[in-house]
>>> print(open('upload-v1.txt').read())   # compact mmCIF, C-alpha atoms and all ligand atoms
# COMPACT_ATOMS: atom_id res chain seq x y z
CA MET K 1 0.00 0.00 0.00
CA TYR K 2 1.42 3.40 -1.05
CA SER K 3 1.97 5.42 2.12
CA ILE K 4 3.55 8.82 2.68
CA ASP K 5 2.87 9.02 6.43
CA ASN K 6 6.49 9.83 7.29
CA SER K 7 6.58 12.66 4.72
CA GLN K 8 3.33 14.00 6.21
CA GLN K 9 4.78 13.96 9.73
CA LEU K 10 8.01 15.58 8.54
CA PHE K 11 6.06 18.23 6.64
CA ASN K 12 3.98 19.07 9.74
CA ARG K 13 7.19 19.35 11.77
CA ALA K 14 9.05 21.32 9.07
CA GLN K 15 6.34 23.97 9.00
CA GLN K 16 7.07 24.76 12.66
CA SER K 17 10.57 25.99 11.79
CA ILE K 18 10.78 26.70 8.04
CA PRO K 19 8.47 29.04 6.09
CA GLY K 20 6.02 26.73 4.31
CA GLY K 21 8.17 23.80 5.45
CA VAL K 22 10.56 24.19 2.51
CA ASN K 23 13.70 26.08 1.64
CA SER K 24 12.51 26.86 -1.87
CA PRO K 25 8.84 27.49 -2.73
CA VAL K 26 8.58 25.25 -5.79
CA ARG K 27 9.22 22.21 -3.57
CA ALA K 28 6.06 22.78 -1.53
CA PHE K 29 3.60 21.12 -3.97
CA LYS K 30 1.45 24.24 -3.45
CA SER K 31 0.41 24.44 -7.06
CA VAL K 32 -0.41 20.73 -7.42
CA GLY K 33 -1.72 20.24 -3.88
CA GLY K 34 -0.93 17.41 -1.51
CA THR K 35 2.07 16.73 0.74
CA PRO K 36 5.57 17.36 -0.54
CA LEU K 37 7.63 14.19 -0.36
CA PHE K 38 10.65 14.29 1.94
CA ILE K 39 13.49 12.59 0.11
CA GLU K 40 15.85 10.42 2.13
CA LYS K 41 18.35 9.36 -0.54
CA ALA K 42 18.86 8.99 -4.26
CA LYS K 43 20.97 6.88 -6.60
CA GLY K 44 21.15 7.00 -10.38
CA ALA K 45 17.71 7.84 -11.77
CA TYR K 46 15.86 7.07 -8.55
CA LEU K 47 14.69 9.02 -5.52
CA TYR K 48 13.65 7.32 -2.27
CA ASP K 49 11.29 9.15 0.06
CA ALA K 50 11.00 8.98 3.86
CA ASP K 51 8.48 6.15 3.53
CA GLY K 52 10.80 4.06 1.38
CA ASN K 53 8.90 4.67 -1.86
CA GLN K 54 11.04 4.69 -5.03
CA TYR K 55 10.46 7.21 -7.80
CA ILE K 56 11.87 7.70 -11.25
CA ASP K 57 13.24 11.24 -11.03
CA PHE K 58 12.43 13.78 -13.75
CA ILE K 59 13.49 16.79 -11.68
CA ALA K 60 17.20 15.94 -11.22
CA SER K 61 17.35 18.63 -8.54
CA TRP K 62 15.89 21.06 -11.17
CA GLY K 63 18.69 20.27 -13.58
CA PRO K 64 22.06 19.68 -11.83
CA MET K 65 21.98 15.88 -11.60
CA ILE K 66 22.45 15.32 -15.35
CA LEU K 67 24.70 12.29 -14.75
CA GLY K 68 22.31 10.77 -12.24
CA HIS K 69 22.34 10.89 -8.43
CA ALA K 70 25.40 9.88 -6.38
CA TYR K 71 27.52 9.57 -9.54
CA GLU K 72 30.59 7.67 -8.25
CA PRO K 73 33.36 9.94 -9.59
CA VAL K 74 31.64 13.04 -8.18
CA VAL K 75 31.03 11.48 -4.76
CA LYS K 76 34.62 10.23 -4.59
CA ALA K 77 36.04 13.61 -5.62
CA ILE K 78 34.07 15.40 -2.89
CA GLN K 79 35.08 12.86 -0.25
CA GLU K 80 38.77 13.16 -1.16
CA LYS K 81 38.69 16.98 -1.23
CA ALA K 82 36.74 17.45 2.01
CA VAL K 83 39.53 16.05 4.20
CA TYR K 84 41.64 19.11 3.26
CA SER K 85 39.00 21.54 4.56
CA THR K 86 35.86 22.75 2.83
CA SER K 87 36.78 26.37 2.19
CA TYR K 88 39.78 28.66 2.42
CA GLY K 89 38.62 32.10 1.26
CA ALA K 90 41.77 32.34 -0.81
CA PRO K 91 42.55 31.55 -4.46
CA THR K 92 43.26 27.94 -5.42
CA ALA K 93 44.67 26.17 -8.47
CA LEU K 94 41.39 24.25 -8.78
CA GLU K 95 39.53 27.50 -9.56
CA ILE K 96 41.93 28.14 -12.44
CA GLU K 97 41.38 24.61 -13.72
CA MET K 98 37.60 25.10 -13.48
CA ALA K 99 37.75 28.41 -15.37
CA GLU K 100 39.99 26.89 -18.04
CA LEU K 101 37.66 23.90 -18.39
CA ILE K 102 34.65 26.19 -18.87
CA LYS K 103 36.56 28.23 -21.46
CA SER K 104 37.53 25.03 -23.31
CA MET K 105 33.84 24.06 -23.52
CA VAL K 106 32.51 27.55 -24.30
CA PRO K 107 35.07 29.26 -26.55
CA ASN K 108 33.51 32.74 -26.53
CA VAL K 109 33.90 33.04 -22.77
CA ASP K 110 37.16 34.99 -22.28
CA LEU K 111 36.82 35.48 -18.51
CA VAL K 112 34.51 33.77 -16.02
CA ARG K 113 33.68 34.52 -12.39
CA MET K 114 32.37 31.82 -10.05
CA VAL K 115 29.48 32.55 -7.66
CA SER K 116 27.21 30.32 -5.54
CA SER K 117 23.87 30.31 -7.37
CA GLY K 118 22.17 31.10 -10.63
CA THR K 119 20.54 34.10 -8.97
CA GLU K 120 23.93 35.54 -8.11
CA ALA K 121 25.16 34.86 -11.64
CA CYS K 122 22.23 36.67 -13.28
CA MET K 123 22.16 39.63 -10.88
CA SER K 124 25.90 40.09 -11.32
CA ALA K 125 25.67 39.89 -15.12
CA LEU K 126 22.92 42.53 -15.15
CA ARG K 127 24.89 44.86 -12.85
CA LEU K 128 27.93 44.36 -15.08
CA ALA K 129 25.94 45.16 -18.26
CA ARG K 130 24.64 48.34 -16.60
CA GLY K 131 28.10 49.30 -15.40
CA TYR K 132 29.62 48.63 -18.83
CA THR K 133 27.00 50.60 -20.81
CA GLY K 134 26.14 53.28 -18.27
CA ARG K 135 22.48 52.52 -18.97
CA ASN K 136 19.79 51.45 -16.45
CA LYS K 137 16.97 49.68 -18.27
CA PHE K 138 16.92 46.08 -19.44
CA ILE K 139 14.52 43.74 -21.22
CA LYS K 140 13.44 40.35 -19.89
CA PHE K 141 10.72 38.06 -21.23
CA GLU K 142 7.45 37.23 -19.54
CA GLY K 143 7.65 33.79 -17.97
CA CYS K 144 11.43 33.68 -17.93
CA TYR K 145 13.01 33.28 -14.51
CA HIS K 146 16.49 34.58 -13.77
CA GLY K 147 16.56 33.95 -10.03
CA HIS K 148 15.06 36.01 -7.24
CA ALA K 149 17.07 39.25 -7.43
CA ASP K 150 14.65 42.20 -7.25
CA ALA K 151 15.01 43.40 -10.83
CA PHE K 152 14.05 40.01 -12.27
CA LEU K 153 10.89 39.42 -10.25
CA VAL K 154 8.73 41.18 -12.80
CA LYS K 155 6.41 38.87 -14.79
CA ALA K 156 8.77 36.04 -13.93
CA GLY K 157 8.32 32.33 -14.43
CA SER K 158 9.03 29.27 -12.28
CA GLY K 159 7.51 29.63 -8.81
CA LEU K 160 6.03 33.06 -9.55
CA ALA K 161 4.07 31.64 -12.48
CA THR K 162 3.23 28.55 -10.47
CA PHE K 163 1.76 30.64 -7.65
CA ASN K 164 0.46 33.36 -10.02
CA ILE K 165 2.46 36.03 -8.21
CA GLN K 166 2.18 39.07 -10.49
CA THR K 167 3.89 41.61 -8.26
CA VAL K 168 6.24 40.74 -5.42
CA PRO K 169 5.88 42.82 -2.22
CA GLY K 170 9.19 44.33 -1.15
CA ILE K 171 10.36 45.26 -4.63
CA THR K 172 10.40 49.02 -5.08
CA ALA K 173 9.11 50.87 -8.13
CA GLY K 174 12.58 52.32 -8.39
CA VAL K 175 13.85 48.85 -9.19
CA SER K 176 11.03 47.45 -11.29
CA ASN K 177 10.62 50.62 -13.38
CA ASP K 178 13.86 49.76 -15.15
CA THR K 179 12.67 46.24 -15.94
CA LEU K 180 10.99 46.17 -19.36
CA THR K 181 9.16 43.03 -20.44
CA CYS K 182 7.98 41.45 -23.68
CA ALA K 183 6.36 38.19 -24.66
CA TYR K 184 8.78 35.38 -25.52
CA ASN K 185 9.16 34.95 -29.30
CA ASP K 186 7.73 38.44 -30.01
CA LEU K 187 10.60 40.12 -31.87
CA ALA K 188 8.43 43.02 -33.08
CA ALA K 189 7.58 43.90 -29.47
CA VAL K 190 11.28 43.99 -28.63
CA GLU K 191 11.96 46.29 -31.60
CA GLN K 192 9.19 48.63 -30.42
CA LEU K 193 10.46 48.63 -26.83
CA VAL K 194 14.03 49.35 -27.95
CA ALA K 195 12.84 52.21 -30.19
CA ALA K 196 10.79 53.68 -27.36
CA ASN K 197 13.78 53.54 -24.99
CA LYS K 198 16.52 54.52 -27.42
CA GLY K 199 19.95 54.56 -25.85
CA GLU K 200 18.59 53.61 -22.41
CA ILE K 201 18.71 49.81 -22.53
CA ALA K 202 21.77 48.13 -21.03
CA ALA K 203 20.86 44.50 -21.69
CA ILE K 204 18.47 41.96 -23.06
CA ILE K 205 18.48 38.80 -20.94
CA ILE K 206 16.82 35.61 -22.09
CA GLU K 207 16.55 31.90 -21.42
CA PRO K 208 17.62 30.84 -24.94
CA VAL K 209 15.48 27.74 -24.54
CA ALA K 210 13.02 28.61 -21.81
CA GLY K 211 12.35 26.16 -19.00
CA ASN K 212 10.44 28.21 -16.42
CA MET K 213 7.04 28.21 -18.06
CA GLY K 214 7.38 24.59 -18.98
CA CYS K 215 9.80 24.09 -21.87
CA ILE K 216 9.30 26.83 -24.49
CA LEU K 217 11.34 26.82 -27.70
CA PRO K 218 12.60 29.92 -29.51
CA GLN K 219 10.86 30.27 -32.87
CA PRO K 220 13.24 30.28 -35.88
CA GLY K 221 14.93 33.67 -36.17
CA PHE K 222 13.93 34.93 -32.71
CA ILE K 223 17.26 34.61 -30.92
CA GLU K 224 19.12 35.63 -34.09
CA GLY K 225 16.87 38.71 -34.30
CA LEU K 226 17.69 39.67 -30.72
CA ARG K 227 21.39 39.36 -31.52
CA LYS K 228 20.96 41.78 -34.44
CA ILE K 229 19.09 44.29 -32.27
CA CYS K 230 21.79 44.12 -29.59
CA ASP K 231 24.51 44.67 -32.20
CA ALA K 232 22.70 47.63 -33.76
CA GLU K 233 21.93 49.29 -30.41
CA SER K 234 25.10 48.36 -28.45
CA ILE K 235 22.96 46.42 -25.98
CA VAL K 236 24.61 43.62 -23.97
CA PHE K 237 23.03 40.30 -24.95
CA ILE K 238 22.88 37.99 -21.91
CA PHE K 239 22.08 34.29 -22.28
CA ASP K 240 20.78 32.94 -19.01
CA GLU K 241 22.05 29.38 -19.37
CA VAL K 242 21.53 28.36 -15.77
CA MET K 243 19.29 25.58 -17.12
CA THR K 244 20.57 25.06 -20.66
CA GLY K 245 24.28 25.46 -19.93
CA PHE K 246 26.21 22.18 -20.24
CA ARG K 247 22.81 20.46 -20.61
CA LEU K 248 21.73 21.21 -24.19
CA ALA K 249 25.29 20.60 -25.35
CA ALA K 250 28.82 20.93 -23.97
CA GLY K 251 28.69 24.48 -25.33
CA GLY K 252 25.11 24.95 -24.14
CA ALA K 253 22.53 26.94 -26.06
CA GLN K 254 25.15 29.15 -27.70
CA HIS K 255 26.46 26.09 -29.48
CA HIS K 256 23.05 24.48 -29.93
CA LEU K 257 21.52 27.62 -31.50
CA ASN K 258 24.76 28.85 -33.10
CA VAL K 259 24.29 32.32 -31.63
CA ASN K 260 26.89 33.95 -29.39
CA ALA K 261 25.83 36.06 -26.42
CA ASP K 262 28.03 38.81 -24.94
CA LEU K 263 27.62 37.46 -21.39
CA VAL K 264 26.39 34.05 -20.29
CA THR K 265 25.26 32.87 -16.86
CA TYR K 266 25.48 29.37 -15.46
CA GLY K 267 24.24 27.33 -12.51
CA LYS K 268 22.85 23.85 -11.83
CA VAL K 269 24.94 21.39 -13.93
CA ILE K 270 28.10 23.50 -13.44
CA GLY K 271 28.05 22.57 -9.72
CA GLY K 272 27.14 18.89 -10.05
CA GLY K 273 24.64 19.36 -7.23
CA MET K 274 26.77 21.71 -5.12
CA PRO K 275 25.98 25.45 -4.86
CA VAL K 276 27.72 26.93 -7.90
CA GLY K 277 26.87 29.64 -10.40
CA ALA K 278 29.05 31.56 -12.82
CA PHE K 279 28.95 34.44 -15.26
CA GLY K 280 31.38 35.06 -18.08
CA GLY K 281 31.88 36.39 -21.55
CA LYS K 282 33.74 39.04 -23.50
CA ARG K 283 36.97 40.26 -21.91
CA GLU K 284 36.16 43.95 -22.58
CA ILE K 285 32.99 43.59 -20.52
CA MET K 286 34.24 41.19 -17.82
CA GLU K 287 37.23 43.47 -17.12
CA LYS K 288 34.81 45.96 -15.54
CA ILE K 289 34.28 43.51 -12.65
CA ALA K 290 36.16 44.17 -9.39
CA PRO K 291 39.00 44.00 -8.60
CA LEU K 292 39.91 44.94 -12.22
CA GLY K 293 37.06 47.41 -12.60
CA ASN K 294 34.58 49.07 -10.27
CA VAL K 295 31.52 46.89 -10.86
CA TYR K 296 31.59 45.27 -7.47
CA GLN K 297 30.65 41.61 -6.99
CA ALA K 298 31.88 39.21 -4.29
CA GLY K 299 31.14 35.98 -2.40
CA THR K 300 32.55 34.27 0.68
CA LEU K 301 32.15 30.79 -0.75
CA SER K 302 32.62 31.59 -4.43
CA GLY K 303 34.94 28.96 -5.94
CA ASN K 304 35.20 26.93 -2.72
CA PRO K 305 37.04 23.65 -3.20
CA ILE K 306 34.12 21.28 -2.56
CA ALA K 307 31.79 23.03 -5.00
CA MET K 308 34.58 23.34 -7.53
CA ILE K 309 35.59 19.68 -7.41
CA ALA K 310 31.95 18.57 -7.78
CA GLY K 311 31.47 20.90 -10.74
CA TYR K 312 34.85 20.19 -12.28
CA THR K 313 34.30 16.42 -12.10
CA THR K 314 30.82 16.75 -13.61
CA LEU K 315 31.91 19.01 -16.46
CA SER K 316 34.95 16.83 -17.14
CA GLU K 317 32.72 13.76 -17.47
CA LEU K 318 30.53 15.66 -19.93
CA LYS K 319 33.44 17.04 -21.93
CA ASN K 320 35.29 13.71 -22.10
CA ASN K 321 32.17 11.69 -22.94
CA PRO K 322 30.26 13.78 -25.51
CA SER K 323 28.16 10.70 -26.27
CA ILE K 324 26.31 11.51 -23.04
CA TYR K 325 24.57 14.33 -24.88
CA THR K 326 23.60 12.03 -27.74
CA GLU K 327 22.32 9.42 -25.30
CA LEU K 328 20.35 12.03 -23.35
CA GLU K 329 18.76 13.42 -26.51
CA GLN K 330 17.91 9.90 -27.75
CA LYS K 331 16.32 9.03 -24.41
CA THR K 332 14.31 12.26 -24.43
CA VAL K 333 13.14 11.70 -28.01
CA TYR K 334 12.19 8.11 -27.13
CA LEU K 335 10.16 9.40 -24.17
CA ARG K 336 8.61 12.14 -26.31
CA ASP K 337 7.52 9.72 -29.02
CA GLY K 338 6.12 7.28 -26.48
CA LEU K 339 4.18 10.05 -24.76
CA HIS K 340 2.85 11.22 -28.13
CA LYS K 341 1.44 7.75 -28.77
CA VAL K 342 -0.41 7.43 -25.46
CA LEU K 343 -1.56 11.06 -25.41
CA GLN K 344 -2.94 10.81 -28.94
CA ALA K 345 -4.72 7.58 -28.00
CA SER K 346 -6.27 9.30 -24.98
CA GLY K 347 -7.85 12.06 -27.07
CA THR K 348 -6.69 14.63 -24.51
CA PRO K 349 -5.62 17.93 -26.14
CA TYR K 350 -1.89 18.33 -25.51
CA VAL K 351 1.37 19.79 -26.77
CA ILE K 352 4.86 18.45 -26.09
CA ASN K 353 7.76 20.91 -26.27
CA GLN K 354 11.20 19.30 -26.33
CA ARG K 355 14.78 20.37 -27.01
CA GLY K 356 17.75 18.21 -26.02
CA SER K 357 16.97 16.67 -22.62
CA MET K 358 14.43 19.35 -21.72
CA ILE K 359 10.79 18.43 -22.25
CA SER K 360 7.32 19.34 -20.99
CA ILE K 361 3.71 18.36 -21.63
CA HIS K 362 1.14 21.15 -21.87
CA PHE K 363 -2.52 20.07 -21.84
CA SER K 364 -3.41 22.61 -24.49
CA ASP K 365 -5.18 22.50 -27.86
CA HIS K 366 -2.88 25.17 -29.31
CA PRO K 367 0.88 25.63 -29.64
CA VAL K 368 2.61 26.79 -26.46
CA THR K 369 5.14 29.43 -27.51
CA ASP K 370 5.10 31.94 -24.65
CA PHE K 371 3.85 32.52 -21.13
CA ALA K 372 0.29 33.44 -22.17
CA THR K 373 -0.21 30.21 -24.11
CA ALA K 374 1.43 28.19 -21.33
CA ALA K 375 -0.85 29.80 -18.75
CA SER K 376 -3.96 29.11 -20.85
CA ALA K 377 -3.33 25.36 -20.89
CA ASN K 378 -5.48 23.06 -18.74
CA ASN K 379 -3.24 23.19 -15.69
CA GLU K 380 -5.97 21.71 -13.49
CA LEU K 381 -5.57 18.56 -15.55
CA PHE K 382 -1.80 18.75 -15.05
CA LYS K 383 -2.31 18.64 -11.26
CA LYS K 384 -4.31 15.40 -11.56
CA TYR K 385 -1.76 13.96 -13.98
CA PHE K 386 1.07 14.86 -11.59
CA HIS K 387 -0.47 12.97 -8.68
CA ALA K 388 -1.55 10.00 -10.76
CA MET K 389 2.05 9.68 -11.95
CA LEU K 390 3.47 10.15 -8.46
CA LYS K 391 1.31 7.30 -7.19
CA ARG K 392 2.84 5.16 -9.95
CA GLY K 393 6.38 6.03 -8.89
CA ILE K 394 7.08 8.78 -11.42
CA TYR K 395 8.26 12.06 -9.88
CA LEU K 396 7.57 14.96 -12.27
CA PRO K 397 8.23 18.63 -11.48
CA PRO K 398 5.27 19.70 -9.28
CA SER K 399 4.22 22.49 -11.62
CA ALA K 400 3.04 22.90 -15.22
CA PHE K 401 5.44 25.87 -15.39
CA GLU K 402 8.60 23.81 -15.14
CA SER K 403 10.59 21.82 -17.65
CA TRP K 404 11.25 18.15 -16.98
CA PHE K 405 14.95 17.30 -16.81
CA LEU K 406 16.28 13.92 -17.89
CA ASN K 407 19.37 12.43 -16.31
CA ASN K 408 21.61 9.97 -18.08
CA ALA K 409 21.07 7.18 -15.55
CA LEU K 410 17.51 6.70 -16.92
CA THR K 411 17.07 3.37 -18.70
CA LYS K 412 14.70 2.36 -21.49
CA GLU K 413 12.72 0.44 -18.85
CA ASP K 414 12.35 3.64 -16.80
CA LEU K 415 11.10 5.49 -19.88
CA ASP K 416 8.70 2.68 -20.83
CA LYS K 417 7.36 2.70 -17.26
CA THR K 418 6.84 6.48 -17.54
CA ILE K 419 4.99 6.09 -20.85
CA THR K 420 2.79 3.28 -19.48
CA ALA K 421 2.10 5.26 -16.30
CA THR K 422 1.01 8.18 -18.46
CA ALA K 423 -1.45 5.98 -20.38
CA GLU K 424 -2.88 4.61 -17.10
CA SER K 425 -3.00 8.06 -15.50
CA LEU K 426 -4.86 9.59 -18.43
CA GLN K 427 -7.50 6.86 -18.16
CA GLU K 428 -7.84 7.45 -14.44
CA ILE K 429 -8.09 11.28 -14.36
C1 LIG R 1 16.98 29.91 -16.07
C2 LIG R 1 17.24 30.10 -14.60
N1 LIG R 1 17.99 31.15 -14.20
C3 LIG R 1 18.26 31.36 -12.89
C4 LIG R 1 17.77 30.50 -11.92
C5 LIG R 1 18.12 30.77 -10.45
O1 LIG R 1 19.09 29.85 -10.04
P1 LIG R 1 19.25 29.53 -8.48
O2 LIG R 1 19.48 30.86 -7.77
O3 LIG R 1 17.96 28.85 -8.03
O4 LIG R 1 20.47 28.61 -8.40
C6 LIG R 1 16.97 29.39 -12.28
C7 LIG R 1 16.42 28.48 -11.21
N2 LIG R 1 15.47 27.51 -11.65
C8 LIG R 1 14.50 27.06 -10.67
C9 LIG R 1 13.62 25.99 -11.31
N3 LIG R 1 12.96 26.44 -12.45
C10 LIG R 1 15.17 26.57 -9.44
C11 LIG R 1 14.28 25.74 -8.53
C12 LIG R 1 13.89 26.54 -7.29
O5 LIG R 1 13.61 27.75 -7.39
O6 LIG R 1 13.88 25.89 -6.20
C13 LIG R 1 16.70 29.20 -13.65
O7 LIG R 1 15.93 28.16 -14.06
>>> encode(input="upload-v1.txt", output="C-alpha cells", more="lines below")
Ligand SMILES: Cc1ncc(COP(=O)(O)O)c(CN[C@@H](CN)CCC(=O)O)c1O
Amino acid sequence: MYSIDNSQQLFNRAQQSIPGGVNSPVRAFKSVGGTPLFIEKAKGAYLYDADGNQYIDFIASWGPMILGHAYEPVVKAIQEKAVYSTSYGAPTALEIEMAELIKSMVPNVDLVRMVSSGTEACMSALRLARGYTGRNKFIKFEGCYHGHADAFLVKAGSGLATFNIQTVPGITAGVSNDTLTCAYNDLAAVEQLVAANKGEIAAIIIEPVAGNMGCILPQPGFIEGLRKICDAESIVFIFDEVMTGFRLAAGGAQHHLNVNADLVTYGKVIGGGMPVGAFGGKREIMEKIAPLGNVYQAGTLSGNPIAMIAGYTTLSELKNNPSIYTELEQKTVYLRDGLHKVLQASGTPYVINQRGSMISIHFSDHPVTDFATAASANNELFKKYFHAMLKRGIYLPPSAFESWFLNNALTKEDLDKTITATAESLQEI
C-alpha cells in the first residue's frame, strides 16, 4: 500500500521551523496540492522518500543531476577533497582549472567569475551590463526566470508563475521601473520597446530555450533577431544558461543555436549538485568587474574547493564523454515519441515541447510558444496527472510551469514505465 505518512509527519514538523516547510517554494507542492515528499536518498535515476517509496526522477534537482544521483566519480572527488577543509577564502589552483575547463567548452567566454547560485550569476551579469554601458533599463521576457534578485521578479516564471504572483511585495518601483518586459518569441515587441527607450537599454536577458514556463522553444529567427538588435543598439546580450548550460550541449545553447551572447550565466549542472553559479563572456565587458574594474561583486564561498571539485568532475565527465549528450537526446526523443502515442490515443488535447533533454507536456489545444499560451493550458488537468504519476512512482516537477529534466542514468525500462504510467494516469483522471 502506497503510504507517505512519514513525509506528512516531517512536513507538519518542518512547518514549525521553516516558512512553508521548505527552503525553496517550488518544492512545496502548493500548485499541485498534496504533501511534498521528503526525500531520504537517491541513486542513479531514482529518488527514495522517507516512507521508502522509489520514484523515477524527472526533476534531477531542477537540472544539476544530469549524470544521475550519487555519480561515483563526483562522490569520490568530494570525499577526497573534504579532508583538506571545505573552504579557504583564498585563491586555489582548482579555480583556475575550473575556469579553463569552462573556457575550453565555451570558446567565446574569455573570462569567467564563479558565484554560488544562478541568482547571483544573473544579478551580477545585469549589474555588469549596466556598469559597462552606463544605462539602467533592461529587457526580460514574460515567464522567464532569472533567479530572485529584485530586478528580475517582474512577470517572472518558475515559482512566480506557479503561484500566479504578479507583483512581489518588497520590490520598489525604483527597481522594477527599469525592468521592461515582452512576450517570448515576439521580436516586433522587442523592436518597439528598444525604439521607445533609445539609448537607455543596457541589456536583453533571455533563457535561450526557456524552462520556467514549462519548456518553451525559440521560434526560428527569434534569438538571431535579438542578436541583431543588440549589435545595432550596443545592448549587452545575456544568455541565461543556468538551465541550458552544459545540458543542451557541452557548449550549451550558444552552441546548440549557433548564436553567441556577450555574457552568459550558469548554474545547476556546473556545480554537479553543489551550490555553484558563474557568469562570463567578452573580456572587454568582464574586465569591468572588481577588482579589475569598479563593478563590485563578491562571495565568501565563491569557488570553494568542494563546489569546484563537484562541478569540475561533472563538467569533465561531460566534456570527455560527448556521447552523453547524444544518449540524453535519444532518451528524451524516445520518451517524447512514447508520450505522443499514449496522449494521442487518450484524445486529450496536448502539446509536447522538447529540445535536447528538456521536455514538458502542456494540456493545451494550441501551440505553447510563450507565457500566455502556457498559462492558458489546462493546468488543473496537469495537477491530476502529476499525482496519478506520483502514485505510480514517477516524480515529475510539481508544476506545469517547469521543464522536466532527464538524467543519463535513466534506462529504457524507466522510460517505458513512464509512458505506461502516463497511459494509465490519463485513463484514471
Ligand atoms: C533559467 C534560470 N535562471 C536562474 C535561476 C536561479 O538559479 P538559483 O538561484 O535557483 O540557483 C533558475 C532556477 N530555476 C529554478 C527551477 N525552475 C530553481 C528551482 C527553485 O527555485 O527551487 C533558472 O531556471
>>> closest_residue(input="upload-v1.txt", among="K:Asn379, K:Asn260, K:Asn185, K:Asn108", to="Thr162 in chain K", atoms="all atoms listed in the file")
K:Asn379
>>> closest_residue(input="upload-v1.txt", among="K:Thr181, K:Thr369, K:Gln79, K:Ser116", to="Pro275 in chain K", atoms="only C-alpha atoms")
K:Ser116
>>> residues_near_ligand(input="upload-v1.txt", ligand="ligand LIG 1 (chain R)", cutoff="9 Å", atoms="all atoms listed in the file", output="number ranges by chain")
K: 23-27, 61-63, 116-122, 144-149, 157-159, 206-214, 240-244, 265-268, 275-277, 401-403
>>> atom_distance(input="upload-v1.txt", atom1="CA of Ser346 in chain K", atom2="CA of Leu426 in chain K")
6.7 Å
>>> closest_residue(input="upload-v1.txt", among="K:Lys412, K:Ser302, K:Ser323, K:Thr422", to="Ala345 in chain K", atoms="all atoms listed in the file")
K:Thr422
>>> residues_around(input="upload-v1.txt", residues="Glu428 in chain K", least_positions_apart="3", cutoff="9 Å", atoms="all atoms listed in the file", output="ChimeraX atom specification")
/K:385,388,423-425
>>> residues_around(input="upload-v1.txt", residues="Arg336 in chain K", least_positions_apart="2", cutoff="9 Å", atoms="all atoms listed in the file", output="list of chain:residue names")
K:Lys331, K:Thr332, K:Val333, K:Tyr334, K:Gly338, K:Leu339, K:His340, K:Lys341, K:Ile352, K:Asn353, K:Gln354, K:Ile359, K:Ile419
>>> residues_around(input="upload-v1.txt", residues="Pro107 in chain K", least_positions_apart="3", cutoff="12 Å", atoms="all atoms listed in the file", output="PyMOL selection string")
chain K and resi 99-104+110-112+250-252+254-255+260-262+264+280-282
>>> write_last_selection(input="upload-v1.txt", atoms="C-alpha atoms", output="PDB file, keeping the file's coordinate frame")
ATOM      1  CA  ALA K  99      37.750  28.410 -15.370  1.00  0.00           C
ATOM      2  CA  GLU K 100      39.990  26.890 -18.040  1.00  0.00           C
ATOM      3  CA  LEU K 101      37.660  23.900 -18.390  1.00  0.00           C
ATOM      4  CA  ILE K 102      34.650  26.190 -18.870  1.00  0.00           C
ATOM      5  CA  LYS K 103      36.560  28.230 -21.460  1.00  0.00           C
ATOM      6  CA  SER K 104      37.530  25.030 -23.310  1.00  0.00           C
ATOM      7  CA  ASP K 110      37.160  34.990 -22.280  1.00  0.00           C
ATOM      8  CA  LEU K 111      36.820  35.480 -18.510  1.00  0.00           C
ATOM      9  CA  VAL K 112      34.510  33.770 -16.020  1.00  0.00           C
ATOM     10  CA  ALA K 250      28.820  20.930 -23.970  1.00  0.00           C
ATOM     11  CA  GLY K 251      28.690  24.480 -25.330  1.00  0.00           C
ATOM     12  CA  GLY K 252      25.110  24.950 -24.140  1.00  0.00           C
ATOM     13  CA  GLN K 254      25.150  29.150 -27.700  1.00  0.00           C
ATOM     14  CA  HIS K 255      26.460  26.090 -29.480  1.00  0.00           C
ATOM     15  CA  ASN K 260      26.890  33.950 -29.390  1.00  0.00           C
ATOM     16  CA  ALA K 261      25.830  36.060 -26.420  1.00  0.00           C
ATOM     17  CA  ASP K 262      28.030  38.810 -24.940  1.00  0.00           C
ATOM     18  CA  VAL K 264      26.390  34.050 -20.290  1.00  0.00           C
ATOM     19  CA  GLY K 280      31.380  35.060 -18.080  1.00  0.00           C
ATOM     20  CA  GLY K 281      31.880  36.390 -21.550  1.00  0.00           C
ATOM     21  CA  LYS K 282      33.740  39.040 -23.500  1.00  0.00           C
TER      22      LYS K 282
END
>>> atom_distance(input="upload-v1.txt", atom1="CA of Val168 in chain K", atom2="CA of Ala151 in chain K")
10.6 Å
>>> closest_residue(input="upload-v1.txt", among="K:Tyr350, K:Phe239, K:Phe386, K:Tyr48", to="Leu126 in chain K", atoms="all atoms listed in the file")
K:Phe239
>>> residues_near_point(input="upload-v1.txt", point="(14.4, 6.7, 1.3)", cutoff="9 Å", atoms="all atoms listed in the file", output="list in words")
Phe38, Ile39, Glu40, Lys41, Ala42, Leu47, Tyr48, Asp49, Ala50, Asp51, Gly52, Asn53 and Gln54 of chain K
>>> residues_around(input="upload-v1.txt", residues="Lys417 in chain K", least_positions_apart="4", cutoff="10 Å", atoms="only C-alpha atoms", output="PDB file with C-alpha atoms, keeping the file's coordinate frame")
ATOM      1  CA  ILE K  56      11.870   7.700 -11.250  1.00  0.00           C
ATOM      2  CA  ARG K 392       2.840   5.160  -9.950  1.00  0.00           C
ATOM      3  CA  GLY K 393       6.380   6.030  -8.890  1.00  0.00           C
ATOM      4  CA  ILE K 394       7.080   8.780 -11.420  1.00  0.00           C
ATOM      5  CA  THR K 411      17.070   3.370 -18.700  1.00  0.00           C
ATOM      6  CA  LYS K 412      14.700   2.360 -21.490  1.00  0.00           C
ATOM      7  CA  GLU K 413      12.720   0.440 -18.850  1.00  0.00           C
ATOM      8  CA  ALA K 421       2.100   5.260 -16.300  1.00  0.00           C
ATOM      9  CA  THR K 422       1.010   8.180 -18.460  1.00  0.00           C
ATOM     10  CA  ALA K 423      -1.450   5.980 -20.380  1.00  0.00           C
TER      11      ALA K 423
END
>>> residues_around(input="upload-v1.txt", residues="Gly311 in chain K", least_positions_apart="2", cutoff="8 Å", atoms="only C-alpha atoms", output="list in words")
Met98, Val269, Ile270, Gly271, Gly272, Gly273, Met274, Val276, Ala307, Met308, Ile309, Thr313, Thr314 and Leu315 of chain K
>>> closest_residue(input="upload-v1.txt", among="K:Ile59, K:Val295, K:Ile18, K:Ile205", to="Lys137 in chain K", atoms="only C-alpha atoms")
K:Ile205
>>> atom_distance(input="upload-v1.txt", atom1="CA of Val22 in chain K", atom2="CA of Ala60 in chain K")
17.3 Å
